[in-house]
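Colleague: Take this structure, written in structure tokens, and hold onto it; I'll ask about it next.
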Amino acid sequence: MLKKLLNIAICLIVLASSEVRAQDTCRVALMVPLYLEQVDQEFWNAEPSNKMLLSKPFSFLHFYEGFMIAADSVTSSRNMKLELKVYDVDNTVSKADSAILDPWLSTADMIVGPFYLKPFNVVKQYASEKCIPIVNPITQHSEILDDNESIIKVKPSMTSQLALLDTLIRKQFHDNNVFIIRQDRYSDTAMIAKIKEISERNIDSCSYIDNRHIVDVIKKHHKRWKYLKIDFEESEYHTDKVVLALDSLSRCLDDSTAFVNNVVSVNYKRDSLNVIMEYASTLRNNLIIVYGNDKVFANEIVNKVTKLIENYPITVILLPEWSKFEGLFNENLMKMHAIYFDERYLDYHDIRVQSFICKFRNRYETEPGDYAYSGFDIGWYFLNALRLYGHEMLDYLPYYDIPLLQTHFRFQRGKDYSGYENTFWNIYQFKGYNRVILNTGNEN
């Protein structure tokens, strides 16, 4: 299997459909880190092992393989002629310098890659001079788009989550208390400030709750406390930082009571979750927005919020990319009705995903990894766009949408004379034992 994979990686390809005119040929350069200089005779003759599969020559091989499946599909089903030239450009600038010296590259209609920032900066300057669209597959750095209209950034930035969060709160959580948790006072202050502003702008000033519901909740809690032998005052009930009189509520069951909706910032290092218990409501949902990039912090928050659920109805939005944290207990995430923002979301029940997996297994005799799906999506989207719009492809990107395996592409220019950035995030929630995609206006 190893030799087969390496043979595939070294090929330079011309793909052609039958009966197409010469002017229909599209030329695409794929600059992917293959580290072919490390594929020496010793490497070639070695038996495959887990250690070898983690070596540099295999780092982005699945991206290449997924891209090739997309290229074959476009040429065979879309009546397209494609010249695809593959350059081994890793994180060394010298390989990028060598690639731009190739006369063929000046005739390219599109460049995909390089993957690393320094080589990409070399090639993007060349692409700008030649007016060639250039796609960056993996960087989150939006600065690469400045003053270069030819650049297309596929990976969405964290700031593009804010518009989706705005819609999510306005549509589904406008009548909630909102708690924004950060790891400490110094972490992500700019993003926390923006999240707080979005929350304050979208929540109602107060929520009206039926007294009958309030009384039912109070009686339910009193019954539980009696069972647990917890001392409490039966005539009073504490919630939302107020004290309710049970007798008064019972006399006005057909009326309702107003509760103020708060937006509360929580410094986890200083306050733990004590502030939440002070302001949280037992009578209506509490929205907790957690922003953090540390796995230890993530584990602590999940465990502690799970304990709060025993007394408070809670939904948790986990930002920016908690899908990358492994080992979080799904059972706890389900209890929290956890909501994730994820650039990738695979539905294994989707016939297109199943078909791709079968093709990948048959061709490469292995299971597709994350980069395989990314390679296919980027290949399928941009090769089809190039086929349809040719040299005018950049003008049509904001309006072009086709089904992909794990995401959508929604391209926007951040400002005049800048490149395109994908702004799409999959938003899904744990409901029961399933992950359910939420409709938040993210779709066209």
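Labeling convention for the structure tokens: chains A, B, ... as they appear, residues from 1 per chain, ligands from 1 in order of appearance.
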Using DSSP on the backbone coordinates, identify the residues of region 322-393 of chain A assigned to alpha helix (DSSP H); present them as a PyMOL selection string.

Modeller: chain A and resi 330-335+351-364+370-389+393

Colleague: Show me, as an MDAnalysis selection string, the residues that have an atom within 10 Å of Cys252 (chain A) when counting only C-alpha atoms, minus same-chain residues fewer than 6 positions from it.

Modeller: chainID A and resid 210:212

Colleague: Taking into account only C-alpha atoms, which residue in the set A:Gln406, A:Gln429, A:Thr167, A:Asn286 is nearest to Asn202 (chain A)?

Modeller: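 Smallest distance to Asn202 (chain A) is found for A:Thr167.
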
Colleague: Could you jot down the CA of Leu273 (chain A) to CA of Gly292 (chain A) separation for me, Å, one decimal place?

Modeller: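 Pair CA of Leu273 (chain A) / CA of Gly292 (chain A) returns 15.1 Å.
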
Colleague: Interatomic distance between CA of Tyr417 (chain A) and CA of Asn148 (chain A)?

Modeller: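 Those two atoms sit 6.1 Å apart.
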
Colleague: I need the residues of region 318-348 of chain A that end up classed as strand (DSSP E) by DSSP on the backbone, written out as a list in words.

Modeller: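 Filtering region 318-348 of chain A down to strand (DSSP E) leaves Leu318, Leu319, Ile339, Tyr340, Phe341 and Asp342 of chain A.
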
Colleague: One decimal, Å: what's the distance from CA of Met158 (chain A) over to CA of Gly419 (chain A), could you say?

Modeller: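 Interatomic distance, CA of Met158 (chain A) to CA of Gly419 (chain A): 17.1 Å.
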
Colleague: Considering only C-alpha atoms, state which residue in the set A:Phe356, A:Tyr396, A:Phe120, A:Phe173 is at the smallest distance from Ala70 (chain A).

Modeller: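 Distance minimum relative to Ala70 (chain A) lands on A:Phe356.
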
Colleague: Pick out the residues sitting within 10 Å of Ile309 (chain A), and hand them over as a list in words; count only C-alpha atoms, and ignore anything fewer than 6 positions along from it in its own chain.

Modeller: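 Those residues are Thr282, Thr315, Asn332, Lys335 and Met336 of chain A.
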
Colleague: Since we have the selection now, will you write its residues out, keeping C-alpha atoms, as a tab-separated table (two decimals), in the first residue's frame?

Modeller:
chain	number	residue	atom	x	y	z
A	282	THR	CA	-34.43	28.19	37.65
A	315	THR	CA	-27.76	25.80	26.99
A	332	ASN	CA	-22.28	15.95	29.45
A	335	LYS	CA	-27.07	17.48	29.04
A	336	MET	CA	-25.87	21.00	28.28

Colleague: With distances taken over only C-alpha atoms, which of A:Tyr312, A:Tyr35, A:Asp294, A:Ala372 is nearest to Glu326 (chain A)?

Modeller: A:Asp294
